[in-house]
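A.B. asks: Sharing a structure below in structure tokens format, with a few things to ask.
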Amino acid sequence: MQILQDLSLQELQDLMAELGEQKFRAKQILDNINLGKPISEFSNISHELKEKLLSRFYDSPIKIHTVLTGKDETKKFVYELVDGNLIEGVLMSYKYGKTLCVSTQVGCRMGCKFCASTLNGLVRNLTSGEILAQVLIVNAYLGGKKDRKRAITNIVLMGSGEPLDNYDNVIKFIELVSAPDGLNISPRNISLSTCGIVPKIKDLANKNLPIVLTISLHAPNDNIRKQIMPIANKYSAKEIIDAAKYYFNTTGRRVIFEYALVEGENSTPESARELAKLVKGFPAHINLIPLNEVEEREMKTVTRKRAEQFASILKSLGVSVTIRRTIGEDIEGACGQLRNKILKNQALKND
Ligand code: SAH
């Protein structure tokens with residue numbers, strides 16, 4: 001069985017030709033997909049065509065399993081996939097609109113020491129349609145349609161998974177969700193976060209999509225980085241900075257570095273000064289995130305005072321920096337807290 005949401009308009013048109021259907025049906029199908037409907041609820045489609053579709057494609061690639069609402073109105077969605085895997089996503093409401101944080105993999109194999117998404121390793125990649133379906137189903141849940149009536153305005157690829165470890169599916173997702181015949185979300189409103197897979201950052205630069213690239217740096221040098229991020233054994237901080245420069249020079253778009261402040265690891269004044277030196281010379285921005293603590297991990301967060309001291313050193317050295325407000329912590333929906341927890345409980349229940 002396949003996932004209908006994986007298909008572009010062109011691919012749907014090819015499918016219609018193969019099924020002996022008229023070409024305009026493809027657009028009708030896409031209109032139904034954009035409304036987040038399962039095949040069985042498609043309108044303007046004959047019973048016969050629905051049956052043909054259902055013999056090849058899952059009725060729906062994703063179901064909302066649970067919705068948790070936090071104190072700050074942040075919502076965490078737990079989705080169930082067709083193979084029973086559960087993934088998570090977070091909806092954040094801002095003055096300018098609503099941002100959905102989507103997952104790109106079930107689990108993750110990057111092994112960052114502070115992150116919950118990688119605790120059970122990588123289970124599998126999501127297809128482009130499974131990433132898209134997260135946006136479609138939440139948009140429909142909020143009563144949104146498309147274009148001006150869309151409920152979701154922004155997307156961040158910052159849920160579980162490493163987007164550049166699932167490169168082709170992630171690129172296709174960006175193309176599908178931004179297509180004029182799709183939800184039509186501008187790539188300018190899409191941010192992709194990576195732990196720093198250098199060759200893929202260069203591939204992405206060459207694609208020249210006007211998305212926002214953020215790189216999880218988290219350390220001012222290789223020694224500290226290796227202690228908290230295994231990917232640092234593969235690519236050095238210098239290679240990452242060079243890739244970010246290449247990205248900027250190729251696309252003209254400023255790169256954002258994420259830096260989770262961990263007590264006793266990377267948050268000393270000395271680290272701040274070293275970081276300023278590392279990113280010097282091109283227009284980068286640093287987003288400081290006081291660590292969100294994860295039950296299974298030893299690492300501790302920093303005090304507000306320490307975060308502010310770190311930021312002010314960077315500022316005094318001419319680095320553009322902000323401290324990110326943490327939201328969704330009470331529902332384990334903050335950065336690095338997404339996991340397969342309910343999946344574990346579920347498995348226990350079924351035993
Ligand atoms: N794999 C990608 C996408 C994850 S985005 C990446 O590494 O960038 C999630 C962001 O939250 C990343 O910057 C990640 O490093 C950060 N993060 C992970 N665990 C965290 C934690 N416990 N506290 C704060 N930020 C965390």
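Residues in the structure tokens are named by chain (A, B, ... in the order shown) and by number from 1 within that chain; ligands are numbered from 1 in the order shown.
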How close does stretch 52-129 of chain A get to stretch 208-224 of chain A? List, as JSON lines, each residue of stretch 52-129 of chain A within 12 Å, its nearest atom pair and the distance in Å to one decimal, counting only C-alpha atoms.
C.D. replies:
```
{"residue": "A:Met110", "atom": "CA", "partner": "A:Ser216", "partner_atom": "CA", "distance": 11.9}
{"residue": "A:Cys112", "atom": "CA", "partner": "A:His218", "partner_atom": "CA", "distance": 10.3}
{"residue": "A:Lys113", "atom": "CA", "partner": "A:His218", "partner_atom": "CA", "distance": 11.2}
{"residue": "A:Phe114", "atom": "CA", "partner": "A:His218", "partner_atom": "CA", "distance": 10.4}
{"residue": "A:Cys115", "atom": "CA", "partner": "A:Ser216", "partner_atom": "CA", "distance": 11.8}
```
A.B. asks: Give me, as a Markdown table, the closest atom pair and its distance (Å, one decimal) for every residue of chain A within a cut-off of 7 Å of ligand 1, counting only C-alpha atoms and all ligand atoms, rows sorted by chain and rising number.
C.D. replies:
```
| residue | atom | partner | partner_atom_place_in_ligand_line | distance |
| --- | --- | --- | --- | --- |
| A:Phe114 | CA | ligand 1 | 22 (N) | 4.8 |
| A:Cys115 | CA | ligand 1 | 19 (N) | 3.6 |
| A:Ala116 | CA | ligand 1 | 19 (N) | 6.5 |
| A:Leu157 | CA | ligand 1 | 3 (C) | 6.5 |
| A:Met158 | CA | ligand 1 | 5 (S) | 3.5 |
| A:Gly159 | CA | ligand 1 | 4 (C) | 5.6 |
| A:Ser160 | CA | ligand 1 | 4 (C) | 6.0 |
| A:Gly161 | CA | ligand 1 | 1 (N) | 5.2 |
| A:Glu162 | CA | ligand 1 | 1 (N) | 3.6 |
| A:Pro163 | CA | ligand 1 | 1 (N) | 6.3 |
| A:Ser193 | CA | ligand 1 | 8 (O) | 4.1 |
| A:Thr194 | CA | ligand 1 | 8 (O) | 3.6 |
| A:Cys195 | CA | ligand 1 | 7 (O) | 3.7 |
| A:Ile215 | CA | ligand 1 | 8 (O) | 5.9 |
| A:Ser216 | CA | ligand 1 | 13 (O) | 4.4 |
| A:Glu258 | CA | ligand 1 | 13 (O) | 5.3 |
| A:Tyr259 | CA | ligand 1 | 13 (O) | 7.0 |
| A:Ala260 | CA | ligand 1 | 24 (C) | 5.1 |
| A:Ile289 | CA | ligand 1 | 24 (C) | 5.7 |
| A:Pro290 | CA | ligand 1 | 24 (C) | 6.3 |
| A:Leu291 | CA | ligand 1 | 23 (N) | 3.8 |
| A:Asn292 | CA | ligand 1 | 23 (N) | 3.7 |
| A:Glu293 | CA | ligand 1 | 22 (N) | 5.3 |
| A:Val294 | CA | ligand 1 | 22 (N) | 5.8 |
| A:Cys335 | CA | ligand 1 | 11 (O) | 4.1 |
| A:Gly336 | CA | ligand 1 | 19 (N) | 3.0 |
| A:Gln337 | CA | ligand 1 | 22 (N) | 6.0 |
```
A.B. asks: Please identify all polymer residues within 10 Å of A:Val177, counting only C-alpha atoms, omitting same-chain residues fewer than 5 positions from it, and present them as a VMD selection string.
C.D. replies: chain A and resid 8 34 128 to 129 131 to 133 135 to 136 155 172 182 to 187 190
A.B. asks: Restricted to N, CA, C and O atoms, what would the selected residues look like written as an mmCIF file, in the first residue's frame?
C.D. replies:
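Output file out.cif is given in full below:
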```cif
data_model
loop_
_atom_site.group_PDB
_atom_site.id
_atom_site.type_symbol
_atom_site.label_atom_id
_atom_site.label_comp_id
_atom_site.auth_asym_id
_atom_site.auth_seq_id
_atom_site.Cartn_x
_atom_site.Cartn_y
_atom_site.Cartn_z
ATOM 1 N N SER A 8 2.621 14.537 -6.116
ATOM 2 C CA SER A 8 2.438 15.921 -6.574
ATOM 3 C C SER A 8 1.272 15.947 -7.573
ATOM 4 O O SER A 8 0.797 14.889 -8.002
ATOM 5 N N ASN A 34 -5.890 18.516 0.262
ATOM 6 C CA ASN A 34 -5.580 19.779 0.944
ATOM 7 C C ASN A 34 -6.515 20.050 2.116
ATOM 8 O O ASN A 34 -6.171 20.793 3.035
ATOM 9 N N SER A 128 7.489 11.831 2.337
ATOM 10 C CA SER A 128 7.083 13.238 2.175
ATOM 11 C C SER A 128 5.605 13.405 2.535
ATOM 12 O O SER A 128 5.212 14.380 3.173
ATOM 13 N N GLY A 129 4.794 12.425 2.150
ATOM 14 C CA GLY A 129 3.353 12.502 2.408
ATOM 15 C C GLY A 129 3.023 12.379 3.893
ATOM 16 O O GLY A 129 2.048 12.964 4.365
ATOM 17 N N ILE A 131 4.978 13.513 6.256
ATOM 18 C CA ILE A 131 5.333 14.817 6.859
ATOM 19 C C ILE A 131 4.229 15.825 6.502
ATOM 20 O O ILE A 131 3.717 16.549 7.362
ATOM 21 N N LEU A 132 3.812 15.799 5.227
ATOM 22 C CA LEU A 132 2.738 16.705 4.782
ATOM 23 C C LEU A 132 1.441 16.454 5.549
ATOM 24 O O LEU A 132 0.739 17.397 5.934
ATOM 25 N N ALA A 133 1.137 15.178 5.779
ATOM 26 C CA ALA A 133 -0.131 14.826 6.429
ATOM 27 C C ALA A 133 -0.233 15.418 7.839
ATOM 28 O O ALA A 133 -1.334 15.705 8.318
ATOM 29 N N VAL A 135 0.755 18.379 8.652
ATOM 30 C CA VAL A 135 0.293 19.761 8.445
ATOM 31 C C VAL A 135 -1.183 19.751 8.042
ATOM 32 O O VAL A 135 -1.991 20.525 8.563
ATOM 33 N N LEU A 136 -1.537 18.840 7.129
ATOM 34 C CA LEU A 136 -2.913 18.801 6.627
ATOM 35 C C LEU A 136 -3.906 18.471 7.740
ATOM 36 O O LEU A 136 -4.966 19.091 7.832
ATOM 37 N N ILE A 155 5.863 26.723 9.293
ATOM 38 C CA ILE A 155 6.257 25.341 9.608
ATOM 39 C C ILE A 155 7.709 25.333 10.056
ATOM 40 O O ILE A 155 8.552 25.994 9.443
ATOM 41 N N LYS A 172 11.056 16.942 -0.913
ATOM 42 C CA LYS A 172 9.771 16.780 -1.609
ATOM 43 C C LYS A 172 8.632 17.342 -0.757
ATOM 44 O O LYS A 172 7.709 17.968 -1.274
ATOM 45 N N GLY A 182 -1.014 23.074 -3.755
ATOM 46 C CA GLY A 182 -1.035 22.424 -2.439
ATOM 47 C C GLY A 182 -1.521 23.415 -1.398
ATOM 48 O O GLY A 182 -2.324 24.293 -1.698
ATOM 49 N N LEU A 183 -0.986 23.320 -0.183
ATOM 50 C CA LEU A 183 -1.416 24.275 0.855
ATOM 51 C C LEU A 183 -0.881 25.684 0.577
ATOM 52 O O LEU A 183 -1.356 26.647 1.142
ATOM 53 N N ASN A 184 0.143 25.759 -0.285
ATOM 54 C CA ASN A 184 0.657 27.062 -0.712
ATOM 55 C C ASN A 184 1.272 27.863 0.439
ATOM 56 O O ASN A 184 1.046 29.065 0.567
ATOM 57 N N ILE A 185 2.018 27.164 1.300
ATOM 58 C CA ILE A 185 2.738 27.850 2.379
ATOM 59 C C ILE A 185 4.089 28.284 1.822
ATOM 60 O O ILE A 185 4.837 27.460 1.310
ATOM 61 N N SER A 186 4.397 29.556 1.924
ATOM 62 C CA SER A 186 5.638 30.070 1.326
ATOM 63 C C SER A 186 6.866 29.438 1.989
ATOM 64 O O SER A 186 6.935 29.350 3.219
ATOM 65 N N PRO A 187 7.853 29.033 1.187
ATOM 66 C CA PRO A 187 9.091 28.495 1.773
ATOM 67 C C PRO A 187 9.741 29.481 2.744
ATOM 68 O O PRO A 187 10.466 29.084 3.644
ATOM 69 N N ILE A 190 9.051 28.588 6.194
ATOM 70 C CA ILE A 190 9.445 27.232 6.593
ATOM 71 C C ILE A 190 10.892 27.269 7.096
ATOM 72 O O ILE A 190 11.771 27.785 6.414
#
```
A.B. asks: Please identify which residues in stretch 159-341 of chain A DSSP calls alpha helix (DSSP H) from the backbone, and express them as a PyMOL selection string.
C.D. replies: chain A and resi 167-178+198-207+222-228+237-251+269-279+304-316+341
A.B. asks: Give the answer as one residue: which of A:Leu91, A:Ile64, A:Leu288, A:Ala151 has the shortest atom-to-atom distance to A:Val302, using only C-alpha atoms?
C.D. replies: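 Looking at the shortest contact to A:Val302, the residue is A:Leu288.
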